[in-house]
Every structure is written in structure tokens, then in C-alpha cells.
Amino acid sequence: ANLWRYHEVLPIYDTNNVISMGEGGTPLIKSETLAASLGLKHLYIKDERQGPTGSFKDRQATVAISALREMGVDEVVVASTGNVAIAYAAYAARAGIHLYAFFPKLTPNDKMREAAIYGAEIIGTTGTYDQTKELAAQFARNRGIFLDKGIKSVAATEGMKTMAYEIAEQLGRELEDGKRLRTPDWFLQGVSGGLGPIGVAKGFREMLSMGLVDRMPRLANIQSSGCAPMVEAFQRGQ
């Protein structure tokens, strides 16, 4: 019962190329105290801290690194503020892929050190995240190395959609006596670039198109004031 339970809808042809450390299959925990304080009967928390490197980015990493292995890629460049690089470093080490991880100036040292422990080559920059992404892209072009495109890559969205499949199965068992899949009324997630909800929406759309669920959930993205590009774009009408 992990992410690769859904391998038929993931972009890997040969499952022998899968690089896995038990990611996915994270618990859906029914809230009691918080739910009561909000006047809710059915509030569930999807605990993505239970992944191998402690974040939901493990879903992205397992699919991306597995795809790279299937394509025969042995070096990859990624720009990250922390969690993506850590997850990619762990899975790349397992796959024998060399990872160049570019970090912006404000990245905590602990996150860079963790990626380094997994064997990634660390490049700290003095720029913002956007500037760091540009530097990483230029480095990849100059060296002829594969560049991970993050939210724009197929693997990233495909990995994240498995959260929707899991939630539907888990809610079905919890609320429907295990007889069917169940869509939540709402899916809420704290985000920076919004990859999680984009992938989750794709997962529920796929299940809807296959007749496995009968509706889409409503989505809410929560952002901190220090990292709110989606909120700001929404307020600008974009």
C-alpha cells in the first residue's frame, strides 16, 4: 500500500526501473479536538510527514527519479529551496544518479547539509529563487545535463496526483464502509508554487473521467505572507 500501487497510471513503462523507499500510503488521520473547535464532524489530516525524507516531495522524487533511470539519465540539475533537493538527493543516491542541487541565498543550512549527506553536489547562490532557477538552467545547458523543470515536468504532477487516489480510497473505507471511493468536500493545502493541489486536482479529474468518483472536491491553497505568489496573482486577477 504505497504510491506505486497506482503504477498503471504513472509514466513508467517498466516497473523494474522504479526507485522506491516506501513513499506514499501515508495515514489519513481523523481530527478530534481541532474538528470540534471548528464545529466539524469529519475533518481529516493527510500526514505527509511520514514519507522517507519527511515531506510530500517524496512523491515527486520517486516518479521523477524512476523516469530518469528509465531514460538512462545519470546526471540531473535541480533548483530548490530545500525539500525537493533533499528528496531528489535521497532517491538519486539510490538510483546511482549524480545530482547538482542549486539553492537560493535564504535556504537554511540544515536543508543544504541534508542534501549533501545524501551525496548531492551543493551549489549555494547569492540570488533569489527565480535567479537560482536561471543559474541552474544555464549550468545544465552549458554542461549538457538534464534539468528538472519542477512544476512544469510531467513526473512532478503525476507523482502528486497519487495523493488524490489515496485520499479517495481512505475516505471510502472510513465513510462508505469500504464499498466505494469517496471525494472530500474540500482539499486544503499549504503551498508555495501550488504543485500539490495541481496534482491532486489531476488525480480527482482522472478518477471522475473513469467513473470512480462522482464529483470534484473544492480546492483551497493556503500561503504564508512571506511566500504568497498565488495569493498575490489571485488578487491581481491573474
# chains A, B, ... in the order shown; residues from 1 in each chain; ligands from 1
>>> residues_around(residues="Thr125 of chain A", least_positions_apart="6", cutoff="7 Å", atoms="only C-alpha atoms", output="PDB file with all heavy atoms, in the first residue's frame")
ATOM      1  N   PHE A 103      20.750  26.117  -4.622  1.00  0.00           N
ATOM      2  CA  PHE A 103      19.935  26.686  -3.545  1.00  0.00           C
ATOM      3  C   PHE A 103      20.028  28.213  -3.543  1.00  0.00           C
ATOM      4  O   PHE A 103      21.128  28.759  -3.701  1.00  0.00           O
ATOM      5  CB  PHE A 103      20.416  26.184  -2.179  1.00  0.00           C
ATOM      6  CG  PHE A 103      20.189  24.726  -1.935  1.00  0.00           C
ATOM      7  CD1 PHE A 103      21.184  23.792  -2.205  1.00  0.00           C
ATOM      8  CD2 PHE A 103      18.984  24.280  -1.422  1.00  0.00           C
ATOM      9  CE1 PHE A 103      20.986  22.452  -1.963  1.00  0.00           C
ATOM     10  CE2 PHE A 103      18.771  22.926  -1.178  1.00  0.00           C
ATOM     11  CZ  PHE A 103      19.770  22.010  -1.448  1.00  0.00           C
ATOM     12  N   PRO A 104      18.903  28.908  -3.320  1.00  0.00           N
ATOM     13  CA  PRO A 104      18.959  30.366  -3.182  1.00  0.00           C
ATOM     14  C   PRO A 104      19.574  30.781  -1.847  1.00  0.00           C
ATOM     15  O   PRO A 104      19.754  29.965  -0.938  1.00  0.00           O
ATOM     16  CB  PRO A 104      17.495  30.791  -3.265  1.00  0.00           C
ATOM     17  CG  PRO A 104      16.721  29.591  -2.859  1.00  0.00           C
ATOM     18  CD  PRO A 104      17.526  28.398  -3.283  1.00  0.00           C
ATOM     19  N   LYS A 105      19.858  32.061  -1.724  1.00  0.00           N
ATOM     20  CA  LYS A 105      20.589  32.608  -0.581  1.00  0.00           C
ATOM     21  C   LYS A 105      19.949  32.300   0.767  1.00  0.00           C
ATOM     22  O   LYS A 105      20.635  32.016   1.747  1.00  0.00           O
ATOM     23  CB  LYS A 105      20.716  34.126  -0.756  1.00  0.00           C
ATOM     24  CG  LYS A 105      21.482  34.825   0.355  1.00  0.00           C
ATOM     25  CD  LYS A 105      21.567  36.318   0.097  1.00  0.00           C
ATOM     26  CE  LYS A 105      22.332  37.032   1.200  1.00  0.00           C
ATOM     27  NZ  LYS A 105      22.422  38.497   0.946  1.00  0.00           N
ATOM     28  N   THR A 132      18.085  31.769  -8.948  1.00  0.00           N
ATOM     29  CA  THR A 132      18.738  30.468  -8.782  1.00  0.00           C
ATOM     30  C   THR A 132      18.288  29.491  -9.862  1.00  0.00           C
ATOM     31  O   THR A 132      19.087  28.723 -10.401  1.00  0.00           O
ATOM     32  CB  THR A 132      18.438  29.906  -7.386  1.00  0.00           C
ATOM     33  OG1 THR A 132      18.924  30.817  -6.394  1.00  0.00           O
ATOM     34  CG2 THR A 132      19.102  28.555  -7.181  1.00  0.00           C
TER      35      THR A 132
END
>>> residues_around(residues="segment 215-227 of chain A", least_positions_apart="4", cutoff="7 Å", atoms="only C-alpha atoms", output="list in words")
Thr183, Pro184, Asp185, Trp186, Phe187, Leu188, Gln189, Gly190, Val191, Ser192, Phe204, Arg205 and Leu208 of chain A
>>> write_last_selection(atoms="N, CA, C and O atoms", output="PDB file, in the first residue's frame")
ATOM      1  N   THR A 183     -14.890  11.283  -2.554  1.00  0.00           N
ATOM      2  CA  THR A 183     -14.257  12.583  -2.745  1.00  0.00           C
ATOM      3  C   THR A 183     -14.538  13.468  -1.536  1.00  0.00           C
ATOM      4  O   THR A 183     -15.688  13.549  -1.089  1.00  0.00           O
ATOM      5  N   PRO A 184     -13.528  14.152  -1.002  1.00  0.00           N
ATOM      6  CA  PRO A 184     -13.804  15.090   0.094  1.00  0.00           C
ATOM      7  C   PRO A 184     -14.562  16.308  -0.427  1.00  0.00           C
ATOM      8  O   PRO A 184     -14.539  16.607  -1.618  1.00  0.00           O
ATOM      9  N   ASP A 185     -15.238  17.006   0.488  1.00  0.00           N
ATOM     10  CA  ASP A 185     -15.892  18.259   0.095  1.00  0.00           C
ATOM     11  C   ASP A 185     -14.838  19.304  -0.276  1.00  0.00           C
ATOM     12  O   ASP A 185     -14.994  20.031  -1.253  1.00  0.00           O
ATOM     13  N   TRP A 186     -13.793  19.375   0.545  1.00  0.00           N
ATOM     14  CA  TRP A 186     -12.715  20.331   0.349  1.00  0.00           C
ATOM     15  C   TRP A 186     -11.362  19.630   0.470  1.00  0.00           C
ATOM     16  O   TRP A 186     -11.215  18.692   1.240  1.00  0.00           O
ATOM     17  N   PHE A 187     -10.388  20.122  -0.284  1.00  0.00           N
ATOM     18  CA  PHE A 187      -8.987  19.748  -0.090  1.00  0.00           C
ATOM     19  C   PHE A 187      -8.214  21.038   0.151  1.00  0.00           C
ATOM     20  O   PHE A 187      -8.186  21.930  -0.699  1.00  0.00           O
ATOM     21  N   LEU A 188      -7.591  21.159   1.325  1.00  0.00           N
ATOM     22  CA  LEU A 188      -6.825  22.344   1.688  1.00  0.00           C
ATOM     23  C   LEU A 188      -5.367  21.969   1.851  1.00  0.00           C
ATOM     24  O   LEU A 188      -5.048  20.931   2.437  1.00  0.00           O
ATOM     25  N   GLN A 189      -4.468  22.814   1.339  1.00  0.00           N
ATOM     26  CA  GLN A 189      -3.041  22.540   1.492  1.00  0.00           C
ATOM     27  C   GLN A 189      -2.261  23.844   1.545  1.00  0.00           C
ATOM     28  O   GLN A 189      -2.545  24.785   0.804  1.00  0.00           O
ATOM     29  N   GLY A 190      -1.277  23.883   2.441  1.00  0.00           N
ATOM     30  CA  GLY A 190      -0.331  24.988   2.440  1.00  0.00           C
ATOM     31  C   GLY A 190       0.617  24.823   1.265  1.00  0.00           C
ATOM     32  O   GLY A 190       1.161  23.746   1.054  1.00  0.00           O
ATOM     33  N   VAL A 191       0.822  25.889   0.494  1.00  0.00           N
ATOM     34  CA  VAL A 191       1.587  25.771  -0.749  1.00  0.00           C
ATOM     35  C   VAL A 191       2.554  26.941  -0.926  1.00  0.00           C
ATOM     36  O   VAL A 191       2.415  27.993  -0.305  1.00  0.00           O
ATOM     37  N   SER A 192       3.538  26.733  -1.805  1.00  0.00           N
ATOM     38  CA  SER A 192       4.366  27.831  -2.307  1.00  0.00           C
ATOM     39  C   SER A 192       4.032  28.020  -3.782  1.00  0.00           C
ATOM     40  O   SER A 192       3.363  28.963  -4.172  1.00  0.00           O
ATOM     41  N   PHE A 204      -8.076  13.596  -9.067  1.00  0.00           N
ATOM     42  CA  PHE A 204      -9.532  13.501  -8.948  1.00  0.00           C
ATOM     43  C   PHE A 204     -10.210  13.609 -10.309  1.00  0.00           C
ATOM     44  O   PHE A 204     -11.225  12.941 -10.555  1.00  0.00           O
ATOM     45  N   ARG A 205      -9.652  14.427 -11.225  1.00  0.00           N
ATOM     46  CA  ARG A 205     -10.219  14.509 -12.581  1.00  0.00           C
ATOM     47  C   ARG A 205     -10.120  13.161 -13.284  1.00  0.00           C
ATOM     48  O   ARG A 205     -11.044  12.741 -13.987  1.00  0.00           O
ATOM     49  N   LEU A 208     -12.693  10.873 -11.841  1.00  0.00           N
ATOM     50  CA  LEU A 208     -14.007  11.292 -12.315  1.00  0.00           C
ATOM     51  C   LEU A 208     -14.238  10.808 -13.746  1.00  0.00           C
ATOM     52  O   LEU A 208     -15.308  10.271 -14.075  1.00  0.00           O
TER      53      LEU A 208
END
>>> residues_around(residues="Thr33 of chain A", least_positions_apart="6", cutoff="12 Å", atoms="only C-alpha atoms", output="list in words")
Gly39, Leu40, Lys41, His42, Leu43 and Tyr44 of chain A
>>> write_last_selection(atoms="C-alpha atoms", output="PDB file, in the first residue's frame")
ATOM      1  CA  GLY A  39     -17.729  22.632  14.601  1.00  0.00           C
ATOM      2  CA  LEU A  40     -16.884  19.922  12.060  1.00  0.00           C
ATOM      3  CA  LYS A  41     -17.721  16.224  12.219  1.00  0.00           C
ATOM      4  CA  HIS A  42     -15.414  14.949   9.503  1.00  0.00           C
ATOM      5  CA  LEU A  43     -12.045  16.688   9.367  1.00  0.00           C
ATOM      6  CA  TYR A  44      -9.108  14.560   8.211  1.00  0.00           C
TER       7      TYR A  44
END
>>> residues_around(residues="segment 88-92 of chain A", least_positions_apart="5", cutoff="6 Å", atoms="only C-alpha atoms", output="JSON, numbers by chain")
{"A": [61, 97, 115, 118, 120]}
>>> atom_distance(atom1="atom CA of Ala93 of chain A", atom2="atom CA of Gly199 of chain A")
25.2 Å
>>> select_by_dssp(residues="segment 67-202 of chain A", states="helix (DSSP H, G or I)", output="PyMOL selection string")
chain A and resi 67-71+83-95+109-117+129-143+150-152+154-175+195-202
>>> closest_residue(among="A:Lys133, A:His7, A:Lys161, A:His98", to="Val200 of chain A", atoms="only C-alpha atoms")
A:Lys161
>>> closest_residue(among="A:Ile167, A:Ala35, A:Ala201, A:Ala137", to="Glu48 of chain A", atoms="only C-alpha atoms")
A:Ile167
>>> residues_around(residues="Arg49 of chain A", least_positions_apart="2", cutoff="12 Å", atoms="only C-alpha atoms", output="JSON, numbers by chain")
{"A": [23, 24, 25, 26, 27, 28, 45, 46, 47, 51, 52, 53, 54, 55, 56, 57, 58, 59, 83]}
>>> closest_residue(among="A:Leu99, A:Leu175, A:Ala85, A:Ala36", to="Gly119 of chain A", atoms="only C-alpha atoms")
A:Leu99
>>> atom_distance(atom1="atom CA of Arg5 of chain A", atom2="atom CA of Ala87 of chain A")
19.9 Å
>>> select_by_dssp(residues="segment 52-191 of chain A", states="strand (DSSP E or B)", output="MDAnalysis selection string")
chainID A and resid 75:79 98:103 121:124 146:147 186:190
>>> residues_around(residues="segment 147-154 of chain A", least_positions_apart="5", cutoff="9 Å", atoms="only C-alpha atoms", output="PDB file with all heavy atoms, in the first residue's frame")
ATOM      1  N   PRO A  11       3.865   7.453 -15.238  1.00  0.00           N
ATOM      2  CA  PRO A  11       4.618   7.437 -16.502  1.00  0.00           C
ATOM      3  C   PRO A  11       5.900   6.606 -16.459  1.00  0.00           C
ATOM      4  O   PRO A  11       6.990   7.078 -16.789  1.00  0.00           O
ATOM      5  CB  PRO A  11       4.935   8.917 -16.713  1.00  0.00           C
ATOM      6  CG  PRO A  11       5.067   9.463 -15.337  1.00  0.00           C
ATOM      7  CD  PRO A  11       4.029   8.738 -14.520  1.00  0.00           C
ATOM      8  N   GLN A  60       6.974  13.335  -5.617  1.00  0.00           N
ATOM      9  CA  GLN A  60       7.556  13.875  -6.843  1.00  0.00           C
ATOM     10  C   GLN A  60       8.875  13.180  -7.162  1.00  0.00           C
ATOM     11  O   GLN A  60       9.121  12.789  -8.312  1.00  0.00           O
ATOM     12  CB  GLN A  60       7.786  15.374  -6.670  1.00  0.00           C
ATOM     13  CG  GLN A  60       8.470  16.071  -7.831  1.00  0.00           C
ATOM     14  CD  GLN A  60       8.668  17.557  -7.568  1.00  0.00           C
ATOM     15  OE1 GLN A  60       8.086  18.116  -6.630  1.00  0.00           O
ATOM     16  NE2 GLN A  60       9.477  18.202  -8.360  1.00  0.00           N
ATOM     17  N   ALA A  64       9.934  11.067 -10.541  1.00  0.00           N
ATOM     18  CA  ALA A  64      10.909  11.753 -11.398  1.00  0.00           C
ATOM     19  C   ALA A  64      12.193  10.950 -11.540  1.00  0.00           C
ATOM     20  O   ALA A  64      12.698  10.761 -12.654  1.00  0.00           O
ATOM     21  CB  ALA A  64      11.217  13.139 -10.822  1.00  0.00           C
ATOM     22  N   GLU A  75      22.905  12.086 -14.737  1.00  0.00           N
ATOM     23  CA  GLU A  75      23.156  13.347 -14.045  1.00  0.00           C
ATOM     24  C   GLU A  75      21.923  14.238 -14.180  1.00  0.00           C
ATOM     25  O   GLU A  75      21.290  14.256 -15.244  1.00  0.00           O
ATOM     26  CB  GLU A  75      24.363  14.082 -14.634  1.00  0.00           C
ATOM     27  CG  GLU A  75      25.707  13.437 -14.387  1.00  0.00           C
ATOM     28  CD  GLU A  75      26.840  14.293 -14.925  1.00  0.00           C
ATOM     29  OE1 GLU A  75      26.843  14.526 -16.158  1.00  0.00           O
ATOM     30  OE2 GLU A  75      27.687  14.738 -14.143  1.00  0.00           O
ATOM     31  N   VAL A  76      21.613  14.980 -13.134  1.00  0.00           N
ATOM     32  CA  VAL A  76      20.446  15.860 -13.193  1.00  0.00           C
ATOM     33  C   VAL A  76      20.698  17.102 -12.351  1.00  0.00           C
ATOM     34  O   VAL A  76      21.392  17.049 -11.327  1.00  0.00           O
ATOM     35  CB  VAL A  76      19.161  15.128 -12.728  1.00  0.00           C
ATOM     36  CG1 VAL A  76      19.269  14.693 -11.267  1.00  0.00           C
ATOM     37  CG2 VAL A  76      17.924  15.997 -12.918  1.00  0.00           C
ATOM     38  N   VAL A  77      20.153  18.224 -12.809  1.00  0.00           N
ATOM     39  CA  VAL A  77      20.268  19.504 -12.112  1.00  0.00           C
ATOM     40  C   VAL A  77      18.896  19.893 -11.579  1.00  0.00           C
ATOM     41  O   VAL A  77      17.887  19.775 -12.279  1.00  0.00           O
ATOM     42  CB  VAL A  77      20.784  20.612 -13.064  1.00  0.00           C
ATOM     43  CG1 VAL A  77      20.803  21.969 -12.355  1.00  0.00           C
ATOM     44  CG2 VAL A  77      22.166  20.268 -13.588  1.00  0.00           C
ATOM     45  N   VAL A  78      18.859  20.366 -10.327  1.00  0.00           N
ATOM     46  CA  VAL A  78      17.603  20.818  -9.746  1.00  0.00           C
ATOM     47  C   VAL A  78      17.851  22.097  -8.964  1.00  0.00           C
ATOM     48  O   VAL A  78      18.913  22.279  -8.352  1.00  0.00           O
ATOM     49  CB  VAL A  78      16.987  19.731  -8.822  1.00  0.00           C
ATOM     50  CG1 VAL A  78      17.874  19.471  -7.607  1.00  0.00           C
ATOM     51  CG2 VAL A  78      15.590  20.127  -8.367  1.00  0.00           C
ATOM     52  N   ALA A  79      16.898  23.019  -9.010  1.00  0.00           N
ATOM     53  CA  ALA A  79      16.919  24.227  -8.173  1.00  0.00           C
ATOM     54  C   ALA A  79      15.845  24.058  -7.107  1.00  0.00           C
ATOM     55  O   ALA A  79      14.735  23.625  -7.402  1.00  0.00           O
ATOM     56  CB  ALA A  79      16.659  25.473  -9.008  1.00  0.00           C
ATOM     57  N   SER A  80      16.175  24.391  -5.864  1.00  0.00           N
ATOM     58  CA  SER A  80      15.256  24.092  -4.775  1.00  0.00           C
ATOM     59  C   SER A  80      15.507  25.015  -3.594  1.00  0.00           C
ATOM     60  O   SER A  80      16.619  25.510  -3.398  1.00  0.00           O
ATOM     61  CB  SER A  80      15.444  22.634  -4.345  1.00  0.00           C
ATOM     62  OG  SER A  80      14.755  22.351  -3.146  1.00  0.00           O
ATOM     63  N   VAL A  84      12.595  19.685  -2.046  1.00  0.00           N
ATOM     64  CA  VAL A  84      12.730  18.974  -3.323  1.00  0.00           C
ATOM     65  C   VAL A  84      14.149  18.430  -3.477  1.00  0.00           C
ATOM     66  O   VAL A  84      14.350  17.270  -3.840  1.00  0.00           O
ATOM     67  CB  VAL A  84      12.376  19.892  -4.509  1.00  0.00           C
ATOM     68  CG1 VAL A  84      12.827  19.266  -5.824  1.00  0.00           C
ATOM     69  CG2 VAL A  84      10.872  20.137  -4.560  1.00  0.00           C
ATOM     70  N   ALA A 136      20.683  27.605 -12.527  1.00  0.00           N
ATOM     71  CA  ALA A 136      20.658  26.148 -12.679  1.00  0.00           C
ATOM     72  C   ALA A 136      20.413  25.763 -14.136  1.00  0.00           C
ATOM     73  O   ALA A 136      21.060  24.847 -14.661  1.00  0.00           O
ATOM     74  CB  ALA A 136      19.574  25.559 -11.780  1.00  0.00           C
ATOM     75  N   ALA A 137      19.492  26.475 -14.793  1.00  0.00           N
ATOM     76  CA  ALA A 137      19.185  26.186 -16.199  1.00  0.00           C
ATOM     77  C   ALA A 137      20.396  26.464 -17.086  1.00  0.00           C
ATOM     78  O   ALA A 137      20.708  25.689 -18.008  1.00  0.00           O
ATOM     79  CB  ALA A 137      17.983  27.005 -16.645  1.00  0.00           C
ATOM     80  N   ALA A 140      22.981  23.732 -16.572  1.00  0.00           N
ATOM     81  CA  ALA A 140      22.570  22.498 -17.244  1.00  0.00           C
ATOM     82  C   ALA A 140      22.810  22.587 -18.755  1.00  0.00           C
ATOM     83  O   ALA A 140      23.287  21.626 -19.372  1.00  0.00           O
ATOM     84  CB  ALA A 140      21.106  22.211 -16.947  1.00  0.00           C
ATOM     85  N   ARG A 141      22.497  23.744 -19.346  1.00  0.00           N
ATOM     86  CA  ARG A 141      22.712  23.925 -20.786  1.00  0.00           C
ATOM     87  C   ARG A 141      24.195  23.839 -21.129  1.00  0.00           C
ATOM     88  O   ARG A 141      24.589  23.182 -22.092  1.00  0.00           O
ATOM     89  CB  ARG A 141      22.155  25.280 -21.243  1.00  0.00           C
ATOM     90  CG  ARG A 141      20.651  25.334 -21.404  1.00  0.00           C
ATOM     91  CD  ARG A 141      20.229  26.560 -22.195  1.00  0.00           C
ATOM     92  NE  ARG A 141      20.671  27.804 -21.543  1.00  0.00           N
ATOM     93  CZ  ARG A 141      19.973  28.463 -20.637  1.00  0.00           C
ATOM     94  NH1 ARG A 141      18.781  28.000 -20.255  1.00  0.00           N
ATOM     95  NH2 ARG A 141      20.421  29.582 -20.108  1.00  0.00           N
ATOM     96  N   GLY A 159       3.303  12.392  -9.884  1.00  0.00           N
ATOM     97  CA  GLY A 159       3.583  11.901  -8.546  1.00  0.00           C
ATOM     98  C   GLY A 159       2.602  12.441  -7.523  1.00  0.00           C
ATOM     99  O   GLY A 159       2.109  11.703  -6.657  1.00  0.00           O
ATOM    100  N   GLY A 193       4.464  27.062  -4.622  1.00  0.00           N
ATOM    101  CA  GLY A 193       4.128  27.132  -6.046  1.00  0.00           C
ATOM    102  C   GLY A 193       2.807  26.459  -6.399  1.00  0.00           C
ATOM    103  O   GLY A 193       2.291  26.637  -7.495  1.00  0.00           O
ATOM    104  N   GLY A 194       2.282  25.640  -5.499  1.00  0.00           N
ATOM    105  CA  GLY A 194       0.964  25.043  -5.729  1.00  0.00           C
ATOM    106  C   GLY A 194       0.960  23.684  -6.386  1.00  0.00           C
ATOM    107  O   GLY A 194      -0.085  23.205  -6.839  1.00  0.00           O
ATOM    108  N   LEU A 195       2.112  23.009  -6.441  1.00  0.00           N
ATOM    109  CA  LEU A 195       2.190  21.715  -7.120  1.00  0.00           C
ATOM    110  C   LEU A 195       1.261  20.679  -6.496  1.00  0.00           C
ATOM    111  O   LEU A 195       0.626  19.904  -7.207  1.00  0.00           O
ATOM    112  CB  LEU A 195       3.630  21.198  -7.101  1.00  0.00           C
ATOM    113  CG  LEU A 195       3.859  19.793  -7.642  1.00  0.00           C
ATOM    114  CD1 LEU A 195       3.388  19.677  -9.086  1.00  0.00           C
ATOM    115  CD2 LEU A 195       5.337  19.415  -7.529  1.00  0.00           C
ATOM    116  N   ILE A 198      -2.355  21.080  -7.627  1.00  0.00           N
ATOM    117  CA  ILE A 198      -2.430  20.844  -9.075  1.00  0.00           C
ATOM    118  C   ILE A 198      -2.437  19.345  -9.355  1.00  0.00           C
ATOM    119  O   ILE A 198      -3.243  18.837 -10.154  1.00  0.00           O
ATOM    120  CB  ILE A 198      -1.257  21.532  -9.797  1.00  0.00           C
ATOM    121  CG1 ILE A 198      -1.459  23.044  -9.802  1.00  0.00           C
ATOM    122  CG2 ILE A 198      -1.105  21.003 -11.230  1.00  0.00           C
ATOM    123  CD1 ILE A 198      -0.270  23.825 -10.329  1.00  0.00           C
TER     124      ILE A 198
END
>>> residues_around(residues="segment 15-21 of chain A", least_positions_apart="2", cutoff="7 Å", atoms="only C-alpha atoms", output="ChimeraX atom specification")
/A:12-13,23,52,62,65-66,69-70,91,95
>>> write_last_selection(atoms="N, CA, C and O atoms", output="PDB file, in the first residue's frame")
ATOM      1  N   ILE A  12       5.786   5.342 -16.033  1.00  0.00           N
ATOM      2  CA  ILE A  12       6.909   4.405 -16.043  1.00  0.00           C
ATOM      3  C   ILE A  12       6.460   3.159 -16.802  1.00  0.00           C
ATOM      4  O   ILE A  12       5.433   2.570 -16.470  1.00  0.00           O
ATOM      5  N   TYR A  13       7.205   2.785 -17.825  1.00  0.00           N
ATOM      6  CA  TYR A  13       6.818   1.621 -18.626  1.00  0.00           C
ATOM      7  C   TYR A  13       7.183   0.304 -17.951  1.00  0.00           C
ATOM      8  O   TYR A  13       6.417  -0.635 -17.926  1.00  0.00           O
ATOM      9  N   GLU A  23       7.503   5.315  -0.124  1.00  0.00           N
ATOM     10  CA  GLU A  23       6.769   6.575  -0.099  1.00  0.00           C
ATOM     11  C   GLU A  23       5.288   6.362  -0.402  1.00  0.00           C
ATOM     12  O   GLU A  23       4.902   5.366  -1.005  1.00  0.00           O
ATOM     13  N   PRO A  52       9.715   9.051   3.335  1.00  0.00           N
ATOM     14  CA  PRO A  52      11.105   8.703   3.653  1.00  0.00           C
ATOM     15  C   PRO A  52      11.979   9.891   4.042  1.00  0.00           C
ATOM     16  O   PRO A  52      12.844   9.767   4.905  1.00  0.00           O
ATOM     17  N   THR A  62      10.155  10.189  -6.274  1.00  0.00           N
ATOM     18  CA  THR A  62      10.165   8.777  -6.668  1.00  0.00           C
ATOM     19  C   THR A  62       9.774   8.605  -8.133  1.00  0.00           C
ATOM     20  O   THR A  62      10.372   7.804  -8.859  1.00  0.00           O
ATOM     21  N   ILE A  65      12.731  10.473 -10.434  1.00  0.00           N
ATOM     22  CA  ILE A  65      13.991   9.724 -10.497  1.00  0.00           C
ATOM     23  C   ILE A  65      13.798   8.381 -11.194  1.00  0.00           C
ATOM     24  O   ILE A  65      14.670   7.923 -11.941  1.00  0.00           O
ATOM     25  N   SER A  66      12.646   7.752 -10.989  1.00  0.00           N
ATOM     26  CA  SER A  66      12.358   6.499 -11.702  1.00  0.00           C
ATOM     27  C   SER A  66      12.299   6.739 -13.210  1.00  0.00           C
ATOM     28  O   SER A  66      12.817   5.935 -14.006  1.00  0.00           O
ATOM     29  N   ARG A  69      15.807   7.270 -14.526  1.00  0.00           N
ATOM     30  CA  ARG A  69      16.508   5.987 -14.626  1.00  0.00           C
ATOM     31  C   ARG A  69      16.055   5.238 -15.873  1.00  0.00           C
ATOM     32  O   ARG A  69      16.880   4.649 -16.591  1.00  0.00           O
ATOM     33  N   GLU A  70      14.745   5.255 -16.147  1.00  0.00           N
ATOM     34  CA  GLU A  70      14.229   4.558 -17.320  1.00  0.00           C
ATOM     35  C   GLU A  70      14.766   5.170 -18.610  1.00  0.00           C
ATOM     36  O   GLU A  70      14.972   4.467 -19.604  1.00  0.00           O
ATOM     37  N   TYR A  91      16.693   9.889  -3.454  1.00  0.00           N
ATOM     38  CA  TYR A  91      16.308   8.934  -4.490  1.00  0.00           C
ATOM     39  C   TYR A  91      17.385   8.813  -5.568  1.00  0.00           C
ATOM     40  O   TYR A  91      17.613   7.732  -6.113  1.00  0.00           O
ATOM     41  N   ALA A  95      19.432   5.520  -6.940  1.00  0.00           N
ATOM     42  CA  ALA A  95      19.426   5.170  -8.364  1.00  0.00           C
ATOM     43  C   ALA A  95      20.805   5.249  -9.008  1.00  0.00           C
ATOM     44  O   ALA A  95      20.973   4.857 -10.168  1.00  0.00           O
TER      45      ALA A  95
END
